[in-house]
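Q: To be precise about what I am sending: the file is called run-v6.tsv and holds TSV, C-alpha atoms and all ligand atoms.
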```tsv
chain	number	residue	atom	x	y	z
S	1	MET	CA	0.00	0.00	0.00
S	2	LEU	CA	1.09	3.59	-0.48
S	3	GLN	CA	3.14	5.05	2.34
S	4	ASP	CA	0.51	7.61	3.37
S	5	VAL	CA	-2.52	5.34	2.97
S	6	LEU	CA	-3.92	2.70	5.30
S	7	GLN	CA	-6.31	0.15	3.88
S	8	ILE	CA	-8.59	-0.87	6.73
S	9	ARG	CA	-10.23	-4.21	6.05
S	10	MET	CA	-13.29	-5.72	7.71
S	11	ALA	CA	-16.09	-8.09	6.75
S	12	MET	CA	-17.39	-7.39	3.24
S	13	VAL	CA	-15.74	-4.02	2.70
S	14	CYS	CA	-12.73	-1.86	3.39
S	15	CYS	CA	-12.19	1.82	3.95
S	16	TYR	CA	-9.12	4.02	3.93
S	17	ALA	CA	-7.17	6.51	6.02
S	18	VAL	CA	-4.93	9.03	4.29
S	19	ARG	CA	-2.16	11.06	5.89
S	20	MET	CA	-1.73	14.52	4.42
S	21	GLY	CA	-0.50	17.88	5.67
S	22	GLY	CA	-0.19	16.77	9.31
S	23	ALA	CA	-3.73	15.39	9.49
S	24	VAL	CA	-5.63	12.20	8.75
S	25	TYR	CA	-8.67	11.94	6.49
S	26	LEU	CA	-10.93	8.90	6.35
S	27	ILE	CA	-12.47	7.76	3.09
S	28	ASP	CA	-15.69	6.04	4.18
S	29	THR	CA	-16.23	4.46	7.57
S	30	GLY	CA	-16.82	0.79	6.90
S	31	PHE	CA	-19.41	-1.64	8.16
S	32	VAL	CA	-19.80	-3.99	11.13
S	33	GLY	CA	-16.59	-3.93	13.18
S	34	GLY	CA	-15.38	-0.91	11.26
S	35	GLU	CA	-15.09	1.49	14.15
S	36	ASN	CA	-12.74	-0.81	16.07
S	37	ALA	CA	-10.81	-1.72	12.94
S	38	ILE	CA	-10.25	1.96	12.13
S	39	GLU	CA	-9.18	2.91	15.66
S	40	ARG	CA	-6.78	-0.05	15.78
S	41	ALA	CA	-5.29	0.87	12.41
S	42	LEU	CA	-4.74	4.47	13.47
S	43	ASP	CA	-3.07	3.43	16.71
S	44	GLN	CA	0.42	3.06	15.24
S	45	ASP	CA	3.56	5.14	14.93
S	46	GLY	CA	3.25	7.93	12.43
S	47	TRP	CA	-0.54	7.98	12.70
S	48	ARG	CA	-1.68	8.02	16.31
S	49	ASP	CA	-0.51	11.58	17.02
S	50	LEU	CA	-2.20	13.10	13.98
S	51	PRO	CA	-5.70	14.55	14.28
S	52	VAL	CA	-8.46	12.95	12.22
S	53	LYS	CA	-9.75	16.11	10.61
S	54	GLY	CA	-12.25	14.99	8.04
S	55	ILE	CA	-14.36	12.09	6.81
S	56	LEU	CA	-15.16	11.89	3.11
S	57	LEU	CA	-18.04	9.64	2.11
S	58	THR	CA	-18.03	8.19	-1.40
S	59	HIS	CA	-21.76	7.42	-1.20
S	60	GLY	CA	-24.62	6.72	1.14
S	61	HIS	CA	-24.66	2.91	1.31
S	62	LEU	CA	-24.70	1.42	4.77
S	63	ASP	CA	-21.45	-0.52	4.43
S	64	HIS	CA	-19.67	2.83	4.00
S	65	THR	CA	-21.59	4.97	6.47
S	66	LEU	CA	-22.47	2.78	9.44
S	67	ASN	CA	-19.76	4.25	11.69
S	68	VAL	CA	-19.75	7.84	10.53
S	69	VAL	CA	-21.51	9.32	13.56
S	70	ALA	CA	-19.33	7.48	16.09
S	71	LEU	CA	-16.08	8.35	14.33
S	72	ALA	CA	-16.97	11.97	13.63
S	73	SER	CA	-17.93	12.61	17.23
S	74	HIS	CA	-14.97	10.71	18.70
S	75	HIS	CA	-12.47	12.65	16.60
S	76	GLY	CA	-14.34	15.94	16.20
S	77	ALA	CA	-14.00	15.49	12.45
S	78	TRP	CA	-16.09	17.17	9.76
S	79	VAL	CA	-18.03	14.98	7.35
S	80	ALA	CA	-18.40	15.67	3.64
S	81	ALA	CA	-20.90	13.71	1.55
S	82	PRO	CA	-22.56	14.00	-1.85
S	83	GLU	CA	-25.83	15.92	-1.63
S	84	ALA	CA	-27.44	13.59	-4.17
S	85	ASP	CA	-27.15	10.79	-1.57
S	86	ARG	CA	-28.77	12.82	1.21
S	87	VAL	CA	-31.84	10.54	1.42
S	88	LEU	CA	-29.61	7.49	1.87
S	89	LEU	CA	-27.55	9.22	4.55
S	90	GLU	CA	-30.80	10.11	6.27
S	91	GLY	CA	-31.69	6.43	6.43
S	92	ASP	CA	-34.13	6.02	3.55
S	93	PHE	CA	-32.75	3.30	1.29
S	94	SER	CA	-35.79	2.81	-0.93
S	95	VAL	CA	-34.79	2.80	-4.57
S	96	THR	CA	-36.76	2.03	-7.72
S	97	GLY	CA	-35.90	-0.57	-10.36
S	98	LEU	CA	-33.56	-3.48	-9.74
S	99	GLY	CA	-31.79	-1.43	-7.05
S	100	CYS	CA	-34.86	-1.78	-4.80
S	101	VAL	CA	-33.66	-5.29	-3.83
S	102	GLY	CA	-30.39	-3.95	-2.47
S	103	GLY	CA	-32.31	-1.03	-0.97
S	104	MET	CA	-34.58	-3.34	1.02
S	105	MET	CA	-31.55	-5.27	2.29
S	106	GLN	CA	-29.94	-2.04	3.47
S	107	GLN	CA	-33.16	-0.82	5.05
S	108	ALA	CA	-33.32	-4.01	7.10
S	109	GLY	CA	-29.64	-3.70	7.96
S	110	ALA	CA	-30.02	-0.10	9.06
S	111	THR	CA	-32.76	-1.08	11.52
S	112	MET	CA	-30.94	-4.15	12.78
S	113	LEU	CA	-27.62	-2.36	13.23
S	114	ASN	CA	-29.17	0.78	14.67
S	115	TYR	CA	-27.86	3.12	11.97
S	116	LYS	CA	-27.51	6.68	13.22
S	117	LYS	CA	-27.88	9.41	10.64
S	118	PRO	CA	-25.20	12.08	10.75
S	119	THR	CA	-25.98	15.76	11.20
S	120	GLY	CA	-23.97	18.83	10.24
S	121	ILE	CA	-22.74	17.31	6.99
S	122	ASN	CA	-20.92	19.45	4.42
S	123	TRP	CA	-22.95	18.45	1.39
S	124	PHE	CA	-21.24	18.81	-1.94
S	125	TYR	CA	-22.94	18.97	-5.33
S	126	ASN	CA	-19.96	18.82	-7.66
S	127	LYS	CA	-16.22	19.04	-7.48
S	128	THR	CA	-16.15	22.72	-6.53
S	129	SER	CA	-19.11	23.12	-4.17
S	130	CYS	CA	-17.23	22.03	-1.07
S	131	GLU	CA	-13.90	23.31	0.11
S	132	PHE	CA	-11.81	20.19	0.28
S	133	PRO	CA	-8.35	20.51	1.78
S	134	ALA	CA	-5.69	21.25	-0.83
S	135	GLY	CA	-4.66	18.02	-2.51
S	136	ILE	CA	-8.10	16.38	-2.48
S	137	GLU	CA	-10.40	16.55	-5.48
S	138	ALA	CA	-13.90	15.10	-5.74
S	139	VAL	CA	-14.64	13.20	-8.95
S	140	PRO	CA	-18.35	12.58	-9.52
S	141	LEU	CA	-18.89	8.93	-10.56
S	142	PRO	CA	-22.69	8.59	-10.52
S	143	GLY	CA	-24.62	5.42	-11.27
S	144	HIS	CA	-23.94	3.12	-8.34
S	145	THR	CA	-25.84	5.81	-6.43
S	146	ASP	CA	-26.89	9.26	-7.63
S	147	GLY	CA	-24.13	10.94	-5.68
S	148	HIS	CA	-21.44	8.26	-5.88
S	149	THR	CA	-18.10	10.11	-5.88
S	150	GLY	CA	-14.44	9.25	-6.08
S	151	PHE	CA	-11.70	11.24	-4.36
S	152	LEU	CA	-8.49	12.02	-6.12
S	153	PHE	CA	-5.35	12.39	-4.01
S	154	GLY	CA	-2.53	13.21	-6.41
S	155	ARG	CA	-2.44	10.44	-9.01
S	156	TYR	CA	-4.50	7.95	-6.97
S	157	LEU	CA	-8.28	7.71	-7.00
S	158	PHE	CA	-10.35	6.32	-4.14
S	159	CYS	CA	-13.14	4.95	-6.29
S	160	GLY	CA	-15.72	3.70	-3.79
S	161	ASP	CA	-17.96	1.03	-5.32
S	162	LEU	CA	-17.12	1.69	-8.95
S	163	PHE	CA	-16.28	-2.01	-9.22
S	164	ALA	CA	-15.08	-4.90	-7.06
S	165	SER	CA	-11.48	-5.95	-7.59
S	166	PHE	CA	-10.74	-9.61	-6.82
S	167	GLY	CA	-8.27	-10.94	-9.37
S	168	ALA	CA	-10.02	-13.03	-12.02
S	169	TYR	CA	-13.31	-12.49	-10.14
S	170	SER	CA	-13.26	-8.71	-10.50
S	171	HIS	CA	-16.69	-7.48	-11.45
S	172	ARG	CA	-18.96	-4.51	-11.83
S	173	SER	CA	-21.13	-3.64	-8.86
S	174	PRO	CA	-24.16	-6.03	-8.93
S	175	GLY	CA	-27.29	-4.53	-10.48
S	176	ILE	CA	-29.31	-4.83	-7.28
S	177	PHE	CA	-26.97	-2.32	-5.65
S	178	ASN	CA	-26.89	0.15	-8.53
S	179	HIS	CA	-29.33	3.00	-8.87
S	180	HIS	CA	-28.58	3.58	-12.57
S	181	GLY	CA	-26.76	0.82	-14.42
S	182	GLU	CA	-25.99	2.77	-17.61
S	183	GLN	CA	-24.64	5.72	-15.69
S	184	ALA	CA	-22.49	3.37	-13.61
S	185	GLU	CA	-20.99	2.00	-16.82
S	186	GLU	CA	-20.19	5.53	-18.07
S	187	SER	CA	-18.45	6.28	-14.78
S	188	LEU	CA	-16.43	3.08	-15.05
S	189	LEU	CA	-15.31	3.94	-18.58
S	190	LYS	CA	-14.45	7.47	-17.49
S	191	VAL	CA	-12.11	6.21	-14.75
S	192	ALA	CA	-10.54	3.66	-17.10
S	193	ASP	CA	-9.57	6.61	-19.32
S	194	MET	CA	-8.22	8.84	-16.56
S	195	ASP	CA	-4.54	9.68	-16.53
S	196	ILE	CA	-3.78	8.29	-13.06
S	197	ASP	CA	-1.41	5.74	-11.53
S	198	GLY	CA	-3.76	3.67	-9.40
S	199	ILE	CA	-7.18	3.22	-7.83
S	200	LEU	CA	-8.34	2.10	-4.42
S	201	PRO	CA	-11.74	0.38	-4.38
S	202	CYS	CA	-13.77	-0.46	-1.27
S	203	HIS	CA	-14.45	-4.07	-2.23
S	204	CYS	CA	-11.13	-5.62	-3.18
S	205	ASP	CA	-8.30	-7.98	-2.35
S	206	LYS	CA	-4.90	-6.77	-1.17
S	207	ALA	CA	-3.47	-6.05	-4.61
S	208	SER	CA	-1.71	-2.75	-5.29
S	209	PRO	CA	-3.64	0.32	-6.55
S	210	GLU	CA	-1.78	-0.09	-9.85
S	211	THR	CA	-3.08	-3.66	-10.21
S	212	HIS	CA	-6.64	-2.60	-9.36
S	213	LEU	CA	-6.42	0.00	-12.14
S	214	GLU	CA	-5.12	-2.61	-14.60
S	215	ARG	CA	-8.07	-4.87	-13.75
S	216	LEU	CA	-10.53	-2.04	-14.26
S	217	ARG	CA	-9.02	-1.11	-17.60
S	218	ARG	CA	-9.17	-4.72	-18.72
S	219	MET	CA	-12.83	-4.86	-17.71
S	220	ALA	CA	-13.61	-1.61	-19.55
S	301	ZN	ZN	-22.30	0.87	-2.48
```
Would you give me this structure, written as structure tokens?
A:
Amino acid sequence: MLQDVLQIRMAMVCCYAVRMGGAVYLIDTGFVGGENAIERALDQDGWRDLPVKGILLTHGHLDHTLNVVALASHHGAWVAAPEADRVLLEGDFSVTGLGCVGGMMQQAGATMLNYKKPTGINWFYNKTSCEFPAGIEAVPLPGHTDGHTGFLFGRYLFCGDLFASFGAYSHRSPGIFNHHGEQAEESLLKVADMDIDGILPCHCDKASPETHLERLRRMA
């Protein structure tokens, strides 16, 4: 993994911590067990003394947002999230079309796991509507959800659920979890064409960001 990035793995999903300008930023907050996994990962030399300043959410699905309230309040961190996913963040996962199946699963999960909706979010509409710290750029990648967004740090893109990267089993996000399949495909092709060095998905094996990008380009 890159020197200033921690990949924090837990059941079903992973999230990331990035070290930049004397602070730590979290990209998503993971799912069940995520809060402990994140705190454990940050409790190491070179990380534990840095403040966690901000939490960037790629989208409003439960396996990325379950721990956002606990982590934001523990660290006094701001939270930035795509405005187009506001209903999801507020705990309404109902979706039309094929995505309604995944929506119902998340609705049940939210109740079972006592999902707490965050308040005081910095909503962003596009790449310029929110003041991200220098060095972070939002890249709208709609389709998986309306607001699904990647975050570009230098030449590396945290790409959320753009696809799942597992060697020969790499695949597009399943239709039941996508809000708009065609749009998701456009976003995937857009990233495949970007002039970057690597990508960091949230559903993946431990391959390097460069390898994940190769897999995506092959898929595209
Ligand atoms: Zn998702």
Q: Give me the residues near stretch 108-124 of chain S as a PDB file with C-alpha atoms, in the frame of the given file, where near means some atom within 6 Å (using only C-alpha atoms) and where sequence neighbours in that chain fewer than 4 positions away do not count.
A:
```
ATOM      1  CA  LEU S  66     -22.470   2.780   9.440  1.00  0.00           C
ATOM      2  CA  VAL S  69     -21.510   9.320  13.560  1.00  0.00           C
ATOM      3  CA  VAL S  79     -18.030  14.980   7.350  1.00  0.00           C
ATOM      4  CA  ALA S  80     -18.400  15.670   3.640  1.00  0.00           C
ATOM      5  CA  ALA S  81     -20.900  13.710   1.550  1.00  0.00           C
ATOM      6  CA  PRO S  82     -22.560  14.000  -1.850  1.00  0.00           C
ATOM      7  CA  GLU S  83     -25.830  15.920  -1.630  1.00  0.00           C
ATOM      8  CA  GLU S  90     -30.800  10.110   6.270  1.00  0.00           C
ATOM      9  CA  SER S 129     -19.110  23.120  -4.170  1.00  0.00           C
ATOM     10  CA  CYS S 130     -17.230  22.030  -1.070  1.00  0.00           C
TER      11      CYS S 130
END
```
Q: Please give me, as JSON, numbers by chain, the residues lying within 7 Å of ligand ZN 301 (chain S) when counting only C-alpha atoms and all ligand atoms.
A: {"S": [59, 61, 144, 161, 177]}
Q: Mind checking which residues fall within 12 Å of stretch 19-24 of chain S, counting only C-alpha atoms, ignoring those fewer than 4 positions away in the same chain, and posting them as a short mmCIF file (atom, residue, chain, number, x, y, z; two decimals) with C-alpha atoms, in the coordinates of the input?
A:
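In the end it all went to out.cif:
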```cif
data_model
loop_
_atom_site.label_atom_id
_atom_site.label_comp_id
_atom_site.auth_asym_id
_atom_site.auth_seq_id
_atom_site.Cartn_x
_atom_site.Cartn_y
_atom_site.Cartn_z
CA LEU S 2 1.09 3.59 -0.48
CA GLN S 3 3.14 5.05 2.34
CA ASP S 4 0.51 7.61 3.37
CA VAL S 5 -2.52 5.34 2.97
CA LEU S 6 -3.92 2.70 5.30
CA GLN S 7 -6.31 0.15 3.88
CA ILE S 38 -10.25 1.96 12.13
CA ALA S 41 -5.29 0.87 12.41
CA LEU S 42 -4.74 4.47 13.47
CA GLY S 46 3.25 7.93 12.43
CA TRP S 47 -0.54 7.98 12.70
CA ARG S 48 -1.68 8.02 16.31
CA ASP S 49 -0.51 11.58 17.02
CA LEU S 50 -2.20 13.10 13.98
CA PRO S 51 -5.70 14.55 14.28
CA VAL S 52 -8.46 12.95 12.22
CA LYS S 53 -9.75 16.11 10.61
CA GLY S 54 -12.25 14.99 8.04
CA ILE S 55 -14.36 12.09 6.81
CA LEU S 56 -15.16 11.89 3.11
CA HIS S 75 -12.47 12.65 16.60
CA ALA S 77 -14.00 15.49 12.45
CA TRP S 78 -16.09 17.17 9.76
CA PRO S 133 -8.35 20.51 1.78
CA ALA S 134 -5.69 21.25 -0.83
CA GLY S 135 -4.66 18.02 -2.51
CA ILE S 136 -8.10 16.38 -2.48
CA PHE S 153 -5.35 12.39 -4.01
CA GLY S 154 -2.53 13.21 -6.41
#
```
Q: Report, in Å with one decimal, the straight-line distance from atom CA of S:Glu186 to atom CA of S:Pro140.
A: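 Computing it gives 11.2 Å between the two atoms.
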Q: Can you pull out the residues contacting S:Thr29? Cut-off 10 Å, using all atoms listed in the file, and skip same-chain residues under 3 positions away; I want them as an mmCIF file with C-alpha atoms, keeping the file's coordinate frame.
A:
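This is the output file result_36.cif:
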```cif
data_model
loop_
_atom_site.group_PDB
_atom_site.id
_atom_site.type_symbol
_atom_site.label_atom_id
_atom_site.label_comp_id
_atom_site.auth_asym_id
_atom_site.auth_seq_id
_atom_site.Cartn_x
_atom_site.Cartn_y
_atom_site.Cartn_z
ATOM 1 C CA ILE S 8 -8.590 -0.870 6.730
ATOM 2 C CA VAL S 13 -15.740 -4.020 2.700
ATOM 3 C CA CYS S 14 -12.730 -1.860 3.390
ATOM 4 C CA CYS S 15 -12.190 1.820 3.950
ATOM 5 C CA TYR S 16 -9.120 4.020 3.930
ATOM 6 C CA ALA S 17 -7.170 6.510 6.020
ATOM 7 C CA LEU S 26 -10.930 8.900 6.350
ATOM 8 C CA VAL S 32 -19.800 -3.990 11.130
ATOM 9 C CA GLY S 34 -15.380 -0.910 11.260
ATOM 10 C CA GLU S 35 -15.090 1.490 14.150
ATOM 11 C CA ALA S 37 -10.810 -1.720 12.940
ATOM 12 C CA ILE S 38 -10.250 1.960 12.130
ATOM 13 C CA ILE S 55 -14.360 12.090 6.810
ATOM 14 C CA LEU S 56 -15.160 11.890 3.110
ATOM 15 C CA LEU S 57 -18.040 9.640 2.110
ATOM 16 C CA THR S 58 -18.030 8.190 -1.400
ATOM 17 C CA LEU S 62 -24.700 1.420 4.770
ATOM 18 C CA ASP S 63 -21.450 -0.520 4.430
ATOM 19 C CA HIS S 64 -19.670 2.830 4.000
ATOM 20 C CA THR S 65 -21.590 4.970 6.470
ATOM 21 C CA LEU S 66 -22.470 2.780 9.440
ATOM 22 C CA ASN S 67 -19.760 4.250 11.690
ATOM 23 C CA VAL S 68 -19.750 7.840 10.530
ATOM 24 C CA VAL S 69 -21.510 9.320 13.560
ATOM 25 C CA ALA S 70 -19.330 7.480 16.090
ATOM 26 C CA LEU S 71 -16.080 8.350 14.330
ATOM 27 C CA ALA S 72 -16.970 11.970 13.630
#
```
Q: Name the residues, using the chain letters and numbers of the file, that sit within 10 Å of (-26.4, 1.7, -11.5) when counting all atoms listed in the file, and give them as a PyMOL selection string.
A: chain S and resi 97-99+142-146+148+162+172-187
Q: Would you save the residues of that selection, restricted to C-alpha atoms, as a PDB file, in the frame of the given file?
A:
```
ATOM      1  CA  GLY S  97     -35.900  -0.570 -10.360  1.00  0.00           C
ATOM      2  CA  LEU S  98     -33.560  -3.480  -9.740  1.00  0.00           C
ATOM      3  CA  GLY S  99     -31.790  -1.430  -7.050  1.00  0.00           C
ATOM      4  CA  PRO S 142     -22.690   8.590 -10.520  1.00  0.00           C
ATOM      5  CA  GLY S 143     -24.620   5.420 -11.270  1.00  0.00           C
ATOM      6  CA  HIS S 144     -23.940   3.120  -8.340  1.00  0.00           C
ATOM      7  CA  THR S 145     -25.840   5.810  -6.430  1.00  0.00           C
ATOM      8  CA  ASP S 146     -26.890   9.260  -7.630  1.00  0.00           C
ATOM      9  CA  HIS S 148     -21.440   8.260  -5.880  1.00  0.00           C
ATOM     10  CA  LEU S 162     -17.120   1.690  -8.950  1.00  0.00           C
ATOM     11  CA  ARG S 172     -18.960  -4.510 -11.830  1.00  0.00           C
ATOM     12  CA  SER S 173     -21.130  -3.640  -8.860  1.00  0.00           C
ATOM     13  CA  PRO S 174     -24.160  -6.030  -8.930  1.00  0.00           C
ATOM     14  CA  GLY S 175     -27.290  -4.530 -10.480  1.00  0.00           C
ATOM     15  CA  ILE S 176     -29.310  -4.830  -7.280  1.00  0.00           C
ATOM     16  CA  PHE S 177     -26.970  -2.320  -5.650  1.00  0.00           C
ATOM     17  CA  ASN S 178     -26.890   0.150  -8.530  1.00  0.00           C
ATOM     18  CA  HIS S 179     -29.330   3.000  -8.870  1.00  0.00           C
ATOM     19  CA  HIS S 180     -28.580   3.580 -12.570  1.00  0.00           C
ATOM     20  CA  GLY S 181     -26.760   0.820 -14.420  1.00  0.00           C
ATOM     21  CA  GLU S 182     -25.990   2.770 -17.610  1.00  0.00           C
ATOM     22  CA  GLN S 183     -24.640   5.720 -15.690  1.00  0.00           C
ATOM     23  CA  ALA S 184     -22.490   3.370 -13.610  1.00  0.00           C
ATOM     24  CA  GLU S 185     -20.990   2.000 -16.820  1.00  0.00           C
ATOM     25  CA  GLU S 186     -20.190   5.530 -18.070  1.00  0.00           C
ATOM     26  CA  SER S 187     -18.450   6.280 -14.780  1.00  0.00           C
TER      27      SER S 187
END
```
Q: Which of these, S:Tyr169, S:Arg9, S:Cys100, S:Phe158, has the shortest distance to S:Gly33 once you count all atoms listed in the file?
A: S:Arg9
Q: Please, what is the axis-aligned box for every listed atom of stretch 99-107 of chain S with 4 Å on each side, as centre and edge lengths in Å to one decimal, as JSON?
A:
```
{"center_x": -32.4, "center_y": -3.1, "center_z": -1.0, "size_x": 12.9, "size_y": 12.5, "size_z": 20.1}
```
